file model.cif (mmCIF, C-alpha atoms)
data_my_file
loop_
_atom_site.label_atom_id
_atom_site.label_comp_id
_atom_site.auth_asym_id
_atom_site.auth_seq_id
_atom_site.Cartn_x
_atom_site.Cartn_y
_atom_site.Cartn_z
CA MET A 1 -27.50 35.88 5.70
CA ARG A 2 -25.20 38.56 4.29
CA SER A 3 -23.03 38.70 7.43
CA SER A 4 -22.60 34.92 7.33
CA PHE A 5 -21.72 35.10 3.64
CA ALA A 6 -19.17 37.86 4.29
CA ALA A 7 -17.58 35.85 7.09
CA ARG A 8 -17.19 32.77 4.88
CA LEU A 9 -15.77 34.92 2.11
CA PHE A 10 -13.29 36.53 4.51
CA ILE A 11 -12.06 33.17 5.81
CA LEU A 12 -11.62 31.80 2.29
CA GLY A 13 -9.76 34.95 1.29
CA LEU A 14 -7.38 34.59 4.21
CA LEU A 15 -6.64 30.96 3.32
CA PHE A 16 -5.89 31.70 -0.31
CA ALA A 17 -3.93 34.86 0.48
CA ALA A 18 -1.77 33.10 3.07
CA ALA A 19 -1.01 30.28 0.66
CA ALA A 20 -0.24 32.71 -2.15
CA CYS A 21 2.35 34.48 0.03
CA ASN A 22 4.29 31.21 0.27
CA ASP A 23 4.14 30.43 -3.46
CA THR A 24 6.70 31.32 -6.08
CA ALA A 25 5.79 34.55 -7.82
CA GLY A 26 3.98 34.14 -11.11
CA PRO A 27 4.52 36.08 -14.35
CA THR A 28 4.96 39.80 -13.85
CA GLY A 29 2.75 42.58 -15.15
CA ASP A 30 1.02 45.84 -14.25
CA THR A 31 -1.02 45.11 -11.11
CA SER A 32 -3.51 47.96 -11.40
CA VAL A 33 -7.02 47.09 -12.55
CA GLY A 34 -8.45 50.32 -13.93
CA SER A 35 -9.38 50.34 -17.61
CA SER A 36 -6.46 52.68 -18.41
CA SER A 37 -3.97 50.09 -17.18
CA LEU A 38 -5.32 47.47 -19.57
CA GLN A 39 -4.64 49.18 -22.88
CA THR A 40 -1.51 47.12 -23.56
CA GLY A 41 -0.48 43.61 -22.68
CA SER A 42 2.87 41.83 -22.62
CA ALA A 43 2.86 38.53 -24.48
CA VAL A 44 4.78 35.41 -23.49
CA ALA A 45 4.82 31.99 -25.12
CA SER A 46 2.96 29.18 -23.35
CA ALA A 47 3.98 25.55 -23.10
CA ALA A 48 0.48 24.65 -24.30
CA GLY A 49 1.23 26.22 -27.70
CA GLY A 50 -0.74 29.43 -27.32
CA VAL A 51 0.22 32.91 -26.14
CA VAL A 52 -0.41 34.51 -22.75
CA TYR A 53 -1.13 38.23 -22.54
CA GLN A 54 -0.48 39.89 -19.18
CA LEU A 55 -3.19 42.48 -18.45
CA GLY A 56 -2.54 43.73 -14.94
CA ASP A 57 -4.49 41.58 -12.50
CA PHE A 58 -5.84 39.64 -15.47
CA ALA A 59 -4.18 37.33 -17.97
CA LEU A 60 -5.51 36.03 -21.28
CA TYR A 61 -4.50 32.73 -22.87
CA VAL A 62 -5.00 32.76 -26.64
CA PRO A 63 -4.64 29.42 -28.46
CA ALA A 64 -2.62 29.19 -31.64
CA ALA A 65 -5.34 29.26 -34.29
CA ALA A 66 -5.30 31.08 -37.60
CA ASP A 67 -8.95 32.14 -37.29
CA GLY A 68 -8.64 33.34 -33.71
CA PRO A 69 -10.67 32.31 -30.65
CA ARG A 70 -14.43 31.84 -31.03
CA ALA A 71 -15.31 32.23 -27.33
CA VAL A 72 -13.75 33.26 -24.02
CA LEU A 73 -13.71 31.16 -20.86
CA VAL A 74 -13.77 33.62 -17.94
CA ALA A 75 -12.51 31.98 -14.73
CA LEU A 76 -13.22 33.67 -11.39
CA GLY A 77 -12.12 32.65 -7.87
CA GLY A 78 -11.63 31.90 -5.03
CA PRO A 79 -8.16 30.87 -6.03
CA ASN A 80 -5.95 32.94 -8.34
CA THR A 81 -7.62 31.96 -11.61
CA ARG A 82 -5.00 33.84 -13.62
CA ALA A 83 -3.10 30.59 -13.10
CA ILE A 84 -5.49 28.84 -15.50
CA ALA A 85 -4.22 31.11 -18.27
CA THR A 86 -0.55 31.24 -17.22
CA GLY A 87 0.32 28.14 -15.19
CA GLU A 88 1.46 30.29 -12.23
CA PRO A 89 0.51 29.25 -8.65
CA PHE A 90 -3.19 29.27 -7.75
CA GLY A 91 -2.45 30.05 -4.10
CA ALA A 92 -4.30 26.97 -2.86
CA PRO A 93 -4.20 26.39 0.91
CA PHE A 94 -2.74 22.86 0.69
CA PRO A 95 -0.11 21.36 -1.67
CA PRO A 96 -2.37 18.53 -2.95
CA VAL A 97 -5.05 21.07 -3.84
CA GLU A 98 -2.49 23.23 -5.66
CA ALA A 99 -1.31 20.18 -7.61
CA ALA A 100 -4.88 19.24 -8.56
CA LEU A 101 -5.63 22.79 -9.68
CA GLN A 102 -2.47 22.84 -11.80
CA VAL A 103 -3.64 19.69 -13.59
CA MET A 104 -7.05 21.32 -14.05
CA GLY A 105 -5.45 24.44 -15.50
CA ALA A 106 -3.37 22.43 -17.96
CA SER A 107 -6.47 20.46 -18.97
CA LEU A 108 -8.43 23.67 -19.59
CA ARG A 109 -5.63 25.08 -21.74
CA ALA A 110 -5.65 21.85 -23.75
CA LEU A 111 -9.43 22.18 -24.14
CA ALA A 112 -8.91 25.79 -25.26
CA ASP A 113 -6.50 24.62 -27.95
CA GLN A 114 -8.89 21.90 -29.14
CA GLN A 115 -12.01 24.05 -29.12
CA ARG A 116 -10.38 27.34 -30.17
CA ILE A 117 -11.39 29.37 -27.12
CA ALA A 118 -9.45 31.93 -25.10
CA ILE A 119 -9.13 31.84 -21.29
CA LEU A 120 -9.29 34.93 -19.09
CA GLY A 121 -8.22 34.57 -15.46
CA THR A 122 -7.72 37.04 -12.64
CA ALA A 123 -5.64 37.39 -9.50
CA LEU A 124 -8.52 39.33 -7.90
CA ALA A 125 -10.01 36.94 -5.36
CA ALA A 126 -13.78 36.96 -4.89
CA MET A 127 -14.63 39.92 -7.10
CA PRO A 128 -17.77 41.61 -5.74
CA ASP A 129 -20.95 40.59 -7.51
CA GLY A 130 -22.08 43.62 -9.48
CA VAL A 131 -21.82 45.80 -12.56
CA GLY A 132 -18.45 47.19 -11.45
CA SER A 133 -16.87 43.75 -11.61
CA ASP A 134 -18.68 43.08 -14.90
CA GLN A 135 -17.04 46.18 -16.36
CA GLN A 136 -13.57 45.16 -15.16
CA ILE A 137 -13.99 41.84 -16.94
CA VAL A 138 -15.26 43.49 -20.12
CA ASN A 139 -12.32 45.94 -20.01
CA ALA A 140 -9.84 43.09 -19.62
CA ILE A 141 -11.32 41.20 -22.57
CA ALA A 142 -11.22 44.35 -24.70
CA ALA A 143 -7.58 44.92 -23.73
CA GLY A 144 -6.77 41.32 -24.59
CA ALA A 145 -8.53 41.70 -27.93
CA ALA A 146 -6.38 44.73 -28.74
CA ALA A 147 -3.14 43.18 -27.51
CA SER A 148 -3.65 39.90 -29.34
CA GLY A 149 -4.90 41.39 -32.60
CA HIS A 150 -8.18 39.51 -32.34
CA PRO A 151 -10.85 42.25 -32.17
CA GLY A 152 -13.64 39.66 -32.28
CA LEU A 153 -12.84 38.72 -28.68
CA SER A 154 -14.62 41.89 -27.54
CA THR A 155 -17.97 40.47 -28.63
CA ALA A 156 -17.24 36.74 -28.40
CA PRO A 157 -19.54 34.45 -26.38
CA LEU A 158 -18.51 33.88 -22.77
CA LEU A 159 -18.21 30.70 -20.76
CA LEU A 160 -18.17 31.54 -17.05
CA PHE A 161 -16.34 29.38 -14.51
CA GLY A 162 -16.86 30.45 -10.88
CA LEU A 163 -14.86 28.68 -8.18
CA SER A 164 -15.89 29.18 -4.54
CA GLY A 165 -15.77 32.94 -3.85
CA GLY A 166 -15.85 33.57 -7.61
CA GLY A 167 -19.28 31.94 -7.87
CA PRO A 168 -21.43 34.98 -6.95
CA GLU A 169 -19.92 37.25 -9.63
CA ALA A 170 -19.91 34.47 -12.25
CA SER A 171 -23.55 33.70 -11.51
CA GLY A 172 -24.48 37.38 -11.37
CA LEU A 173 -22.71 38.19 -14.63
CA ALA A 174 -24.59 35.38 -16.37
CA ALA A 175 -27.89 36.68 -15.00
CA ARG A 176 -27.16 40.27 -16.07
CA HIS A 177 -25.86 39.36 -19.54
CA PRO A 178 -27.55 36.07 -20.54
CA ASP A 179 -27.52 36.91 -24.25
CA ARG A 180 -23.72 36.76 -24.27
CA VAL A 181 -23.15 33.79 -21.96
CA ALA A 182 -22.92 30.34 -23.54
CA GLY A 183 -22.73 28.50 -20.22
CA LEU A 184 -22.05 28.81 -16.51
CA LEU A 185 -20.01 26.34 -14.46
CA LEU A 186 -19.99 26.72 -10.67
CA LYS A 187 -17.69 24.82 -8.31
CA ALA A 188 -18.81 25.09 -4.66
CA PRO A 189 -20.12 28.66 -5.12
CA LEU A 190 -20.80 30.74 -2.03
CA GLU A 191 -24.01 32.08 -3.56
CA VAL A 192 -25.92 31.90 -6.85
CA ALA A 193 -28.37 34.19 -8.59
CA VAL A 194 -32.13 33.64 -8.47
CA LEU A 195 -33.36 33.70 -12.07
CA SER A 196 -36.47 35.60 -13.15
CA THR A 197 -36.41 35.81 -16.97
CA GLU A 198 -36.56 33.34 -19.82
CA ALA A 199 -33.20 34.55 -21.15
CA GLN A 200 -31.52 33.91 -17.78
CA ARG A 201 -33.04 30.44 -17.54
CA GLY A 202 -31.79 29.61 -21.03
CA VAL A 203 -28.11 29.70 -19.97
CA PRO A 204 -26.97 26.08 -19.38
CA THR A 205 -25.51 25.85 -15.87
CA PHE A 206 -23.72 23.09 -13.98
CA MET A 207 -23.19 23.43 -10.22
CA ALA A 208 -20.81 20.98 -8.51
CA LEU A 209 -20.92 20.79 -4.70
CA ALA A 210 -18.76 18.95 -2.16
CA GLU A 211 -20.46 16.71 0.42
CA PHE A 212 -18.25 17.77 3.36
CA ASP A 213 -18.17 21.51 2.64
CA VAL A 214 -17.92 23.69 5.75
CA PHE A 215 -17.72 27.01 3.87
CA VAL A 216 -20.75 26.66 1.60
CA ASP A 217 -24.40 26.16 2.56
CA ASN A 218 -25.17 23.14 0.37
CA ALA A 219 -28.80 23.08 1.51
CA ALA A 220 -29.36 26.68 0.41
CA LEU A 221 -27.66 26.03 -2.92
CA GLY A 222 -29.84 22.96 -3.38
CA ARG A 223 -32.94 25.07 -2.81
CA ALA A 224 -31.70 27.63 -5.34
CA PHE A 225 -31.13 24.85 -7.87
CA ALA A 226 -34.63 23.46 -7.25
CA ALA A 227 -36.25 26.88 -7.63
CA ASN A 228 -34.37 27.72 -10.82
CA ARG A 229 -34.97 24.30 -12.34
CA ALA A 230 -38.67 24.40 -11.45
CA GLY A 231 -38.86 27.67 -13.37
CA GLY A 232 -37.43 25.99 -16.47
CA ALA A 233 -33.76 26.89 -16.03
CA LEU A 234 -31.34 24.58 -17.85
CA TRP A 235 -29.48 23.72 -14.66
CA ALA A 236 -27.74 20.63 -13.37
CA MET A 237 -26.39 19.97 -9.88
CA ALA A 238 -24.14 17.28 -8.49
CA THR A 239 -22.87 16.71 -4.96
CA GLU A 240 -19.59 14.80 -5.01
CA PRO A 241 -19.55 12.35 -2.10
CA GLY A 242 -16.80 12.24 0.52
CA VAL A 243 -14.91 15.41 -0.41
CA PRO A 244 -14.36 18.85 1.25
CA HIS A 245 -14.69 22.34 -0.18
CA PHE A 246 -11.19 22.57 -1.62
CA SER A 247 -11.25 19.22 -3.41
CA PHE A 248 -10.71 19.13 -7.16
CA SER A 249 -10.72 15.40 -7.86
CA PRO A 250 -9.97 13.68 -11.19
CA THR A 251 -13.68 12.75 -11.34
CA LEU A 252 -14.70 16.40 -11.00
CA ARG A 253 -12.09 17.43 -13.57
CA THR A 254 -13.46 14.92 -16.08
CA ALA A 255 -17.04 16.05 -15.48
CA THR A 256 -16.00 19.70 -15.84
CA LEU A 257 -14.26 19.13 -19.16
CA ALA A 258 -17.12 17.00 -20.50
CA TRP A 259 -19.71 19.63 -19.61
CA LEU A 260 -17.71 22.54 -21.02
CA GLY A 261 -17.00 20.67 -24.25
CA SER A 262 -20.68 19.80 -24.63
CA VAL A 263 -21.81 23.39 -24.10
CA ILE A 264 -19.25 24.72 -26.58
CA ASP A 265 -20.33 22.22 -29.22
CA ARG A 266 -24.03 22.95 -28.71
CA ARG A 267 -23.99 26.70 -28.16
CA VAL A 268 -21.07 28.31 -30.02
CA ALA A 269 -21.86 28.68 -33.70
CA GLY A 270 -18.65 28.26 -35.68
CA SER A 271 -16.53 31.40 -35.92
CA SER A 272 -19.34 33.88 -35.37
CA SER A 273 -20.32 35.61 -32.13
CA ARG A 274 -23.84 34.25 -32.42
CA LEU A 275 -25.06 31.79 -29.80
CA ARG A 276 -27.26 28.85 -30.64
CA THR A 277 -30.36 28.49 -28.48
CA ALA A 278 -30.25 25.58 -26.04
CA VAL A 279 -33.46 23.62 -26.54
CA GLU A 280 -34.57 21.84 -23.37
CA GLN A 281 -36.25 18.97 -25.21
CA SER A 282 -33.02 18.16 -27.08
CA GLY A 283 -31.05 17.50 -23.89
CA TRP A 284 -30.74 14.78 -21.29
CA LEU A 285 -32.18 14.65 -17.78
CA GLY A 286 -30.78 13.11 -14.60
CA ASP A 287 -32.79 12.05 -11.55
CA GLN A 288 -31.23 13.67 -8.47
CA LEU A 289 -32.12 10.75 -6.19
CA THR A 290 -31.40 7.70 -8.34
CA GLY A 291 -28.75 9.04 -10.71
CA LYS A 292 -30.67 7.63 -13.67
CA ALA A 293 -30.15 9.65 -16.84
CA SER A 294 -32.00 9.48 -20.12
CA PRO A 295 -33.00 11.67 -23.08
CA TRP A 296 -35.61 14.31 -22.25
CA GLY A 297 -38.36 12.48 -24.14
CA ALA A 298 -37.67 9.14 -22.44
CA PHE A 299 -37.36 10.48 -18.90
CA SER A 300 -40.11 9.07 -16.69
CA GLY A 301 -39.62 11.19 -13.56
CA ASP A 302 -40.36 14.80 -12.69
CA ARG A 303 -38.62 16.76 -15.44
CA SER A 304 -38.87 20.04 -13.51
CA ALA A 305 -36.82 18.59 -10.65
CA ALA A 306 -34.21 16.73 -12.70
CA SER A 307 -30.79 17.99 -13.74
CA TRP A 308 -30.55 19.07 -17.39
CA PHE A 309 -27.58 18.33 -19.66
CA PRO A 310 -26.80 19.36 -23.23
CA THR A 311 -25.49 15.90 -24.25
CA ARG A 312 -25.40 12.27 -23.21
CA GLY A 313 -21.68 12.52 -22.46
CA ALA A 314 -22.21 15.33 -19.95
CA ALA A 315 -25.03 13.36 -18.30
CA GLU A 316 -22.90 10.24 -18.01
CA GLN A 317 -20.05 12.12 -16.32
CA TRP A 318 -22.59 13.64 -13.91
CA GLN A 319 -23.64 10.10 -12.96
CA VAL A 320 -20.01 9.19 -12.21
CA LEU A 321 -19.50 12.36 -10.17
CA MET A 322 -22.64 11.70 -8.12
CA GLY A 323 -21.42 8.17 -7.32
CA LEU A 324 -24.87 6.73 -8.04
#

call {"tool": "encode", "arguments": {"input": "model.cif", "output": "structure tokens"}}
result
Amino acid sequence: MRSSFAARLFILGLLFAAAACNDTAGPTGDTSVGSSSLQTGSAVASAAGGVVYQLGDFALYVPAAADGPRAVLVALGGPNTRAIATGEPFGAPFPPVEAALQVMGASLRALADQQRIAILGTALAAMPDGVGSDQQIVNAIAAGAAASGHPGLSTAPLLLFGLSGGGPEASGLAARHPDRVAGLLLKAPLEVAVLSTEAQRGVPTFMALAEFDVFVDNAALGRAFAANRAGGALWAMATEPGVPHFSFSPTLRTATLAWLGSVIDRRVAGSSSRLRTAVEQSGWLGDQLTGKASPWGAFSGDRSAASWFPTRGAAEQWQVLMGL
């Protein structure tokens, strides 16, 4: 299992690295990743209206808001997710994928402005799943908090977005620190964590798969979803029909933004660092086979096998993404 996972990760890394070599260089900055290299950050204006802080292999987008950000979206890849914060190239293997990711990045920055959240991205592809990577992320957020003059970022709730090879660390970080994570979004992750505690299962999670994925074991991910959901985890899963691993379609983009917005509204309590509890009975459920969605209390199928959503809007976009 591990050797197969490593092989898939290696191939994906080669594809993204080769594409990145052909892209125009992004914003400059210190490329070391130790905590000592993250004590200062250079700031540049962003077309979206916020400010980007260069933090070595990380970058932090901070929206223009007098009260400062109330949460941090941490994007891990796979692709160069620093591009979500800066607009630089993602290093996608094909031009249409790069274009789609650029639109996604711009949409996420717009969401950050609307919802008053910061975005942290990294040029480190497929960070290893473990406490070492967790600490690098924490260090980068702390450096961004100091550079931006928003100390509250150091303890702000996290939204985790794991794309492809970034999925294992995003999923692992959520499992190791569930009390700080408002939500977890996974796009074609190579692996996901198996949850064993109530706190872990209380983190709303949305996993989007691609029907024609040759890098990811969709069947294994489906089994992981079923096991976590059967244990009471607030998880949802969708398999987008007719698309490959690298696809980032407008339908997926819309579903991503709807889900993130719903989680922010339900989980992030105003300007504080306190997270609201996600109550299962207050959400919506979606039948994996029929695509039918309804409020938890009105759902007539097997609740323990159905996808869970924080709002009706998120459930409706899941239906569109599933094509049912």

call {"tool": "closest_residue", "arguments": {"input": "model.cif", "among": "A:Gly121, A:Gly231, A:Gly91, A:Pro310", "to": "Gly162 of chain A", "atoms": "only C-alpha atoms"}}
result
A:Gly121

call {"tool": "closest_residue", "arguments": {"input": "model.cif", "among": "A:Ala126, A:Ile137, A:Leu158, A:His245", "to": "Pro93 of chain A", "atoms": "all atoms listed in the file"}}
result
A:His245

call {"tool": "resolve_selection", "arguments": {"input": "model.cif", "expression": "the PyMOL selection byres ((chain A and resi 149) around 12)", "output": "list of chain:residue names"}}
result
A:Thr40, A:Gly41, A:Ala43, A:Val51, A:Tyr53, A:Val62, A:Ala66, A:Asp67, A:Gly68, A:Pro69, A:Ile141, A:Ala142, A:Ala143, A:Gly144, A:Ala145, A:Ala146, A:Ala147, A:Ser148, A:His150, A:Pro151, A:Gly152, A:Leu153, A:Ser154

call {"tool": "resolve_selection", "arguments": {"input": "model.cif", "expression": "the PyMOL selection byres ((chain A and resi 226) around 10)", "output": "PyMOL selection string"}}
result
chain A and resi 220-225+227-233+235-237+304-307

call {"tool": "closest_residue", "arguments": {"input": "model.cif", "among": "A:Pro63, A:Pro96, A:Gly286, A:Pro189", "to": "Phe248 of chain A", "atoms": "only C-alpha atoms"}}
result
A:Pro96

call {"tool": "closest_residue", "arguments": {"input": "model.cif", "among": "A:Ala182, A:Leu55, A:Leu209, A:Leu285", "to": "Arg70 of chain A", "atoms": "all atoms listed in the file"}}
result
A:Ala182

call {"tool": "resolve_selection", "arguments": {"input": "model.cif", "expression": "the PyMOL selection byres ((chain A and resi 291) around 9)", "output": "ChimeraX atom specification"}}
result
/A:286-290,292-293,318-320,322-324

call {"tool": "closest_residue", "arguments": {"input": "model.cif", "among": "A:Thr155, A:Arg267, A:Ala315, A:Gly297", "to": "Asn139 of chain A", "atoms": "all atoms listed in the file"}}
result
A:Thr155

call {"tool": "atom_distance", "arguments": {"input": "model.cif", "atom1": "atom CA of Leu190 of chain A", "atom2": "atom CA of Glu169 of chain A"}}
result
10.0 Å

call {"tool": "residues_near_point", "arguments": {"input": "model.cif", "point": "(-32.7, 9.9, -20.6)", "cutoff": "7 Å", "atoms": "all atoms listed in the file", "output": "list in words"}}
result
Trp284, Leu285, Ala293, Ser294, Pro295, Trp296, Ala298 and Phe299 of chain A

call {"tool": "residues_around", "arguments": {"input": "model.cif", "residues": "Leu184 of chain A", "least_positions_apart": "3", "cutoff": "10 Å", "atoms": "all atoms listed in the file", "output": "list of chain:residue names"}}
result
A:Leu73, A:Val74, A:Leu158, A:Leu159, A:Leu160, A:Phe161, A:Gly162, A:Gly167, A:Ala170, A:Ser171, A:Leu173, A:Ala174, A:Ala175, A:Pro178, A:Val181, A:Val203, A:Pro204, A:Thr205, A:Phe206, A:Met207, A:Trp235, A:Trp259, A:Leu260, A:Val263

call {"tool": "atom_distance", "arguments": {"input": "model.cif", "atom1": "atom CA of Leu60 of chain A", "atom2": "atom CA of Ala85 of chain A"}}
result
5.9 Å

call {"tool": "closest_residue", "arguments": {"input": "model.cif", "among": "A:Gln136, A:Ser249, A:Thr311, A:Gln281", "to": "Met104 of chain A", "atoms": "all atoms listed in the file"}}
result
A:Ser249

call {"tool": "residues_near_point", "arguments": {"input": "model.cif", "point": "(-11.4, 36.8, -4.2)", "cutoff": "8 Å", "atoms": "all atoms listed in the file", "output": "ChimeraX atom specification"}}
result
/A:9,13,77-80,123-127,165-166

call {"tool": "atom_distance", "arguments": {"input": "model.cif", "atom1": "atom CA of Thr256 of chain A", "atom2": "atom CA of Phe212 of chain A"}}
result
19.4 Å

call {"tool": "residues_around", "arguments": {"input": "model.cif", "residues": "Ala100 of chain A", "least_positions_apart": "5", "cutoff": "9 Å", "atoms": "all atoms listed in the file", "output": "PyMOL selection string"}}
result
chain A and resi 95+105+247-250+253

call {"tool": "residues_around", "arguments": {"input": "model.cif", "residues": "Leu275 of chain A", "least_positions_apart": "4", "cutoff": "8 Å", "atoms": "all atoms listed in the file", "output": "count of residues only"}}
result
7
